[in-house]
Amino acid sequence: VLLVRNRKEFSALGSKCPHYGAPLSKGVLRGQRLRCPWHGACFNIRTGDIEEYPSLDCISCFKVTVEDGKVFVTAKKKVLTLPAVNEHGQHLGRCLVNHNTMLLLGGGVAALVCAETLRQEGFTGRIIMATREKHVPYDKSKLSKEMDLKAEDIYLRKPEFLNAQGIEFWTEKEAVSVDFQKQKVRFVDGSSQKYHQLLIATGSHSSFLKVPGADLQNVCVLQTPEDSSKILKLATGKNLVIVGASFIGTRLEAQPGSQGPAPARGTNGTSLQPGAAAELPACTLAGCRCFCNSTAWHFLMNTQTSPFQMLQNKGVKFHMKSELCELKGKDGKVAEAVLANGEKLPADVVVVGIGSAPNSAFLKGTSIARDDKGAILVDLHMQTNIPNVFAAGDVVSFPVALLRGDRSSIHHQQVAEAHGHCAALNMLKKEKELHTVPFFWTTLFGKSIRYTGCGKGYTDTVVKGSLEQQKFLIFYIRDGHVTAAASLNCDPMVSLIAEVLYLGKQISKEEAE
C-alpha cells in the first residue's frame, strides 16, 4: 500500500503500477495525479482511475482515517490481491434491447481501449472487434524483448474478460472494403456487417524490402507472436542480418543468448541501413525508418556510447550508410546479403525492420481522407471526414499539440490507447478532445531508455549527466524550448518532464541547462 499526502489530505492506494509493476513511490505526484516512473501511466490518487496510459487497469484505493495525529489505512487482505475497479463500478455489459452496433476494425490496443471505454461509459449496445489476427489483443512490445514467450503469455485481456464485457471478438476477419453510405463493412470471407458507428484501428504493417531475393525463405518481419517464435528458432546460433536500426532491430540484437539471436552468444549480428543518406540529415543513420518521434533514437545511435556502443560491445557489427542491393539464396533459402559497395555478408536469417505503413489499402477508392502515405486524417476528436466514422492508432495522422497542431503519425502503444479512449467518448457524443503527451520506452541489455514528447524538427540538445557512464538526461530543443526528452538511469525525470508538458507548461533551454 502506498500512502500519499497531497497538502493536508491523505490517500492510500496500490503501490505498484498495474502496467509492468513499477514502484509508484518513485513516481511523480502533481496535485491529484500520480505518474508512473517507468512508462508514464497516470492515476488519480483519490479514485485510482487511469488519467494517462499505457496501463489498462486502474489502481486500488483504500479507506484512510486520521485519529490523534495517526493515519490509519483499512483494507481487506483479499482486496489487496484483486484487480481494481474504476469509479464506474461494474460495467453494464450488453443489453439485447439496445440494437446500436459499434464496429471496431482492428485487434490492437486502440480498438481494445475503445471497446472497454464504451462499456465503462455505459454503452449497452453491440460491440464487435474484428481483426485479421489469430489472437486477442496482446503486448506487441514484448515480441522483440521476450521471444521465448507463447502468445497466451502476452495477452492483454483473456477471451473470458471480453466475453464478460459483452465484447464480440472476431479473429481472422480482415476488412476488405467499406461502404460508407450503407454503413457496411465487407470482410475477406465474403461476409458483411452493418454498423451505426465505425472505428478504424487497423494498425500498420512492416514496410516491404524491395531488393532482388526479398522473397527468399528465412527473410522475416516481426509483427506477430508467430513471427517472434519463428525468428528465435531460425536465428539462434546462426548468421543473422538485421536490415534497419530502429527500435525493433536493436531490441532483437539485444536478446539474451539463451532466448534469441544474440551476437555475444555466437550469432553474427549485422545491422544494415537500406536507404539513401540524402533522405535524412547527415548526422542521422541513413535510411532509418522508425516513429516520427524517434529523433532521440537517431541522436543516441550516432554517439559512440549508449545503445550504439552497448550493441557493438556485444559483438554487433554496424554497416552505417550502407545500402542493401541484393539477397542471394541457396536451395530457396537466403544465404548472403550483398551491399552496394560489393561487400558480402553471410546471412542464414534476415530480419527486416525498415519502418511501417498504415493498413488502409482497403479504403482505396473511398471518400475517406488520407495523406500521401495512406494514413487516415482525423481531428482531435479522432473523427474522420465521414460522419459516424472514427479512426485511431498507427493507421491515423492526427494534430499533435507539441508540433503546434501539425499532423503526424505516432506508432506506439500509449498513443494508440489514448486515441482509443478519446474515440470512444466521441462516439458517445461526449465532445472530448485528445490530450496526451507521447511516451516511449525500450530496453537493451536490461537498461531502459525512456522518451517523452515530440522531437521532430529539434535544432539543439542539452545533455545532463554522462553518455559514457550510461546515466544521462537529454533535452531536445526547438524554438528555444524543450520539445522532448530522453533518459537512461535517471528515473523519474522523463515522467516529470512528461507531466510538465501535459500541463501545457514550457521549459526553456536556459532552464534545461
# chains A, B, ... in the order shown; residues from 1 in each chain; ligands from 1
>>> select_by_dssp(residues="range 412-495 of chain A", states="strand (DSSP E or B)", output="MDAnalysis selection string")
chainID A and resid 439:444 447:453 460:466 471:478 481:488
>>> write_last_selection(atoms="C-alpha atoms", output="PDB file, in the first residue's frame")
ATOM      1  CA  PHE A 439       5.741   8.456 -24.032  1.00  0.00           C
ATOM      2  CA  PHE A 440       8.093   5.777 -25.392  1.00  0.00           C
ATOM      3  CA  TRP A 441      10.460   3.219 -23.932  1.00  0.00           C
ATOM      4  CA  THR A 442      12.802   0.485 -24.986  1.00  0.00           C
ATOM      5  CA  THR A 443      15.141  -1.917 -23.211  1.00  0.00           C
ATOM      6  CA  LEU A 444      18.656  -3.002 -24.183  1.00  0.00           C
ATOM      7  CA  LYS A 447      18.808  -0.977 -19.371  1.00  0.00           C
ATOM      8  CA  SER A 448      15.693   1.080 -20.088  1.00  0.00           C
ATOM      9  CA  ILE A 449      15.688   4.164 -22.275  1.00  0.00           C
ATOM     10  CA  ARG A 450      12.691   6.452 -21.768  1.00  0.00           C
ATOM     11  CA  TYR A 451      11.490   9.187 -24.083  1.00  0.00           C
ATOM     12  CA  THR A 452       8.652  11.694 -23.961  1.00  0.00           C
ATOM     13  CA  GLY A 453       7.388  14.498 -26.152  1.00  0.00           C
ATOM     14  CA  ASP A 460      19.656  21.730 -30.350  1.00  0.00           C
ATOM     15  CA  THR A 461      20.216  19.416 -27.386  1.00  0.00           C
ATOM     16  CA  VAL A 462      21.142  19.834 -23.742  1.00  0.00           C
ATOM     17  CA  VAL A 463      22.833  16.793 -22.217  1.00  0.00           C
ATOM     18  CA  LYS A 464      22.905  16.331 -18.470  1.00  0.00           C
ATOM     19  CA  GLY A 465      24.946  13.524 -16.944  1.00  0.00           C
ATOM     20  CA  SER A 466      27.283  11.239 -18.858  1.00  0.00           C
ATOM     21  CA  LYS A 471      23.451   7.776 -16.944  1.00  0.00           C
ATOM     22  CA  PHE A 472      22.045  10.812 -18.688  1.00  0.00           C
ATOM     23  CA  LEU A 473      19.112  13.068 -19.465  1.00  0.00           C
ATOM     24  CA  ILE A 474      18.860  14.667 -22.907  1.00  0.00           C
ATOM     25  CA  PHE A 475      16.624  17.662 -23.641  1.00  0.00           C
ATOM     26  CA  TYR A 476      15.624  18.277 -27.274  1.00  0.00           C
ATOM     27  CA  ILE A 477      15.227  21.975 -28.053  1.00  0.00           C
ATOM     28  CA  ARG A 478      13.085  23.637 -30.711  1.00  0.00           C
ATOM     29  CA  HIS A 481      12.102  25.424 -25.576  1.00  0.00           C
ATOM     30  CA  VAL A 482      12.146  21.724 -24.644  1.00  0.00           C
ATOM     31  CA  THR A 483      10.010  19.679 -27.010  1.00  0.00           C
ATOM     32  CA  ALA A 484      11.171  16.203 -25.938  1.00  0.00           C
ATOM     33  CA  ALA A 485      13.460  14.418 -23.507  1.00  0.00           C
ATOM     34  CA  ALA A 486      15.203  11.048 -23.262  1.00  0.00           C
ATOM     35  CA  SER A 487      16.980   9.388 -20.355  1.00  0.00           C
ATOM     36  CA  LEU A 488      18.895   6.347 -19.188  1.00  0.00           C
TER      37      LEU A 488
END
>>> residues_around(residues="range 188-191 of chain A", least_positions_apart="2", cutoff="9 Å", atoms="only C-alpha atoms", output="PyMOL selection string")
chain A and resi 172-177+185-186+193
>>> closest_residue(among="A:Val350, A:Met320, A:Ser397, A:Phe123", to="Ile242 in chain A", atoms="only C-alpha atoms")
A:Val350
>>> residues_around(residues="Phe43 in chain A", least_positions_apart="4", cutoff="7 Å", atoms="only C-alpha atoms", output="number ranges by chain")
A: 33-35, 48-51, 58
>>> residues_around(residues="Ile386 in chain A", least_positions_apart="4", cutoff="9 Å", atoms="only C-alpha atoms", output="list in words")
Phe180, Ser367, Ile368, Ala369 and Phe390 of chain A
>>> atom_distance(atom1="CA of Ala164 in chain A", atom2="CA of Thr224 in chain A")
25.7 Å
>>> closest_atom_pairs(of="range 88-187 of chain A", to="range 6-22 of chain A", cutoff="12 Å", atoms="only C-alpha atoms", output="Markdown table")
| residue | atom | partner | partner_atom | distance |
| --- | --- | --- | --- | --- |
| A:Asp139 | CA | A:His19 | CA | 10.6 |
| A:Ser141 | CA | A:Tyr20 | CA | 11.9 |
| A:Lys142 | CA | A:Tyr20 | CA | 11.6 |
| A:Ile154 | CA | A:Tyr20 | CA | 11.9 |
| A:Leu156 | CA | A:His19 | CA | 9.9 |
>>> residues_around(residues="Ser360 in chain A", least_positions_apart="4", cutoff="10 Å", atoms="only C-alpha atoms", output="count of residues only")
17
>>> select_by_dssp(residues="range 76-258 of chain A", states="helix (DSSP H, G or I)", output="JSON, numbers by chain")
{"A": [77, 78, 79, 80, 109, 110, 111, 112, 113, 114, 115, 116, 117, 118, 119, 120, 140, 141, 142, 151, 152, 153, 154, 159, 160, 161, 162, 163, 164, 225, 226, 227, 228, 229, 230, 231, 232, 233, 234, 235, 247, 248, 249, 250, 251, 252, 253]}
>>> closest_residue(among="A:Val136, A:Val64, A:Leu216, A:Ala115", to="Pro159 in chain A", atoms="only C-alpha atoms")
A:Val136
>>> residues_around(residues="Asn218 in chain A", least_positions_apart="3", cutoff="10 Å", atoms="only C-alpha atoms", output="list in words")
Ala214, Asp215, Val221, Lys230, Ile231, Leu234, Ala235, Gly329, Gly332, Lys333, Val334, Ala335, Ala347, Asp348, Val349, Val350 and Val351 of chain A
>>> write_last_selection(atoms="all heavy atoms", output="short mmCIF file (atom, residue, chain, number, x, y, z; two decimals), in the first residue's frame")
data_model
loop_
_atom_site.label_atom_id
_atom_site.label_comp_id
_atom_site.auth_asym_id
_atom_site.auth_seq_id
_atom_site.Cartn_x
_atom_site.Cartn_y
_atom_site.Cartn_z
N ALA A 214 14.28 -10.71 -52.00
CA ALA A 214 13.48 -10.40 -50.81
C ALA A 214 12.43 -11.46 -50.52
O ALA A 214 11.91 -11.56 -49.41
CB ALA A 214 12.81 -9.03 -50.97
N ASP A 215 12.11 -12.28 -51.55
CA ASP A 215 11.09 -13.32 -51.37
C ASP A 215 11.68 -14.68 -50.98
O ASP A 215 10.96 -15.68 -50.91
CB ASP A 215 10.28 -13.47 -52.65
CG ASP A 215 11.15 -13.80 -53.87
OD1 ASP A 215 12.39 -13.67 -53.77
OD2 ASP A 215 10.58 -14.17 -54.91
N VAL A 221 9.88 -10.60 -41.13
CA VAL A 221 9.49 -9.37 -40.43
C VAL A 221 8.97 -9.81 -39.06
O VAL A 221 8.65 -10.97 -38.84
CB VAL A 221 8.40 -8.58 -41.18
CG1 VAL A 221 8.93 -8.08 -42.52
CG2 VAL A 221 7.15 -9.44 -41.39
N LYS A 230 9.28 -17.83 -34.77
CA LYS A 230 9.98 -18.29 -35.97
C LYS A 230 11.41 -17.73 -36.01
O LYS A 230 12.37 -18.47 -36.28
CB LYS A 230 9.21 -17.86 -37.21
CG LYS A 230 9.89 -18.23 -38.52
CD LYS A 230 9.08 -17.74 -39.72
CE LYS A 230 9.82 -18.03 -41.04
NZ LYS A 230 9.04 -17.53 -42.21
N ILE A 231 11.55 -16.43 -35.74
CA ILE A 231 12.87 -15.81 -35.78
C ILE A 231 13.77 -16.40 -34.71
O ILE A 231 14.95 -16.69 -34.95
CB ILE A 231 12.75 -14.28 -35.60
CG1 ILE A 231 12.04 -13.67 -36.83
CG2 ILE A 231 14.11 -13.63 -35.41
CD1 ILE A 231 11.64 -12.22 -36.65
N LEU A 234 14.89 -19.87 -35.91
CA LEU A 234 15.79 -19.86 -37.06
C LEU A 234 17.15 -19.24 -36.76
O LEU A 234 18.17 -19.68 -37.29
CB LEU A 234 15.14 -19.07 -38.21
CG LEU A 234 13.92 -19.69 -38.90
CD1 LEU A 234 13.34 -18.70 -39.90
CD2 LEU A 234 14.31 -20.99 -39.61
N ALA A 235 17.17 -18.20 -35.91
CA ALA A 235 18.37 -17.38 -35.79
C ALA A 235 19.33 -17.82 -34.69
O ALA A 235 20.50 -17.44 -34.72
CB ALA A 235 17.96 -15.92 -35.54
N GLY A 329 20.45 -16.54 -52.48
CA GLY A 329 20.00 -17.72 -51.76
C GLY A 329 20.64 -19.01 -52.24
O GLY A 329 21.36 -19.04 -53.23
N GLY A 332 16.64 -22.11 -52.25
CA GLY A 332 15.44 -21.34 -51.92
C GLY A 332 15.51 -20.56 -50.63
O GLY A 332 14.59 -19.81 -50.30
N LYS A 333 16.60 -20.72 -49.86
CA LYS A 333 16.75 -20.02 -48.59
C LYS A 333 17.83 -18.95 -48.70
O LYS A 333 18.81 -19.11 -49.42
CB LYS A 333 17.12 -21.01 -47.48
CG LYS A 333 16.06 -22.07 -47.22
CD LYS A 333 16.50 -23.01 -46.11
CE LYS A 333 15.44 -24.08 -45.83
NZ LYS A 333 15.86 -25.00 -44.75
N VAL A 334 17.64 -17.86 -47.97
CA VAL A 334 18.62 -16.78 -48.01
C VAL A 334 19.96 -17.29 -47.48
O VAL A 334 20.01 -18.09 -46.54
CB VAL A 334 18.13 -15.56 -47.20
CG1 VAL A 334 18.07 -15.86 -45.71
CG2 VAL A 334 19.00 -14.34 -47.48
N ALA A 335 21.04 -16.84 -48.10
CA ALA A 335 22.37 -17.29 -47.70
C ALA A 335 23.37 -16.13 -47.61
O ALA A 335 24.38 -16.25 -46.91
CB ALA A 335 22.90 -18.33 -48.68
N ALA A 347 24.38 -14.76 -44.39
CA ALA A 347 23.06 -14.48 -43.82
C ALA A 347 22.21 -15.74 -43.85
O ALA A 347 21.65 -16.09 -44.89
CB ALA A 347 22.38 -13.34 -44.57
N ASP A 348 22.10 -16.42 -42.71
CA ASP A 348 21.17 -17.55 -42.62
C ASP A 348 19.74 -17.06 -42.40
O ASP A 348 18.79 -17.73 -42.78
CB ASP A 348 21.57 -18.46 -41.46
CG ASP A 348 22.97 -19.03 -41.64
OD1 ASP A 348 23.21 -19.65 -42.69
OD2 ASP A 348 23.81 -18.84 -40.74
N VAL A 349 19.63 -15.90 -41.75
CA VAL A 349 18.34 -15.29 -41.47
C VAL A 349 18.46 -13.79 -41.67
O VAL A 349 19.47 -13.18 -41.28
CB VAL A 349 17.88 -15.57 -40.01
CG1 VAL A 349 16.49 -15.01 -39.77
CG2 VAL A 349 17.93 -17.04 -39.69
N VAL A 350 17.44 -13.18 -42.27
CA VAL A 350 17.39 -11.73 -42.43
C VAL A 350 16.09 -11.23 -41.81
O VAL A 350 15.01 -11.75 -42.11
CB VAL A 350 17.44 -11.33 -43.92
CG1 VAL A 350 17.21 -9.82 -44.08
CG2 VAL A 350 18.79 -11.72 -44.52
N VAL A 351 16.22 -10.27 -40.92
CA VAL A 351 15.04 -9.64 -40.32
C VAL A 351 14.95 -8.21 -40.84
O VAL A 351 15.92 -7.45 -40.75
CB VAL A 351 15.11 -9.64 -38.78
CG1 VAL A 351 13.89 -8.93 -38.19
CG2 VAL A 351 15.18 -11.07 -38.26
#
>>> atom_distance(atom1="CA of Ala151 in chain A", atom2="CA of Ala130 in chain A")
18.4 Å
>>> residues_around(residues="Asn98 in chain A", least_positions_apart="2", cutoff="12 Å", atoms="only C-alpha atoms", output="list in words")
Gly93, Arg94, Cys95, Leu96, Asn100, Thr101, Met102, Gly122, Phe123, Thr124, Gly125, Arg126, Ile127 and His196 of chain A
>>> atom_distance(atom1="CA of Phe362 in chain A", atom2="CA of Asp227 in chain A")
23.6 Å
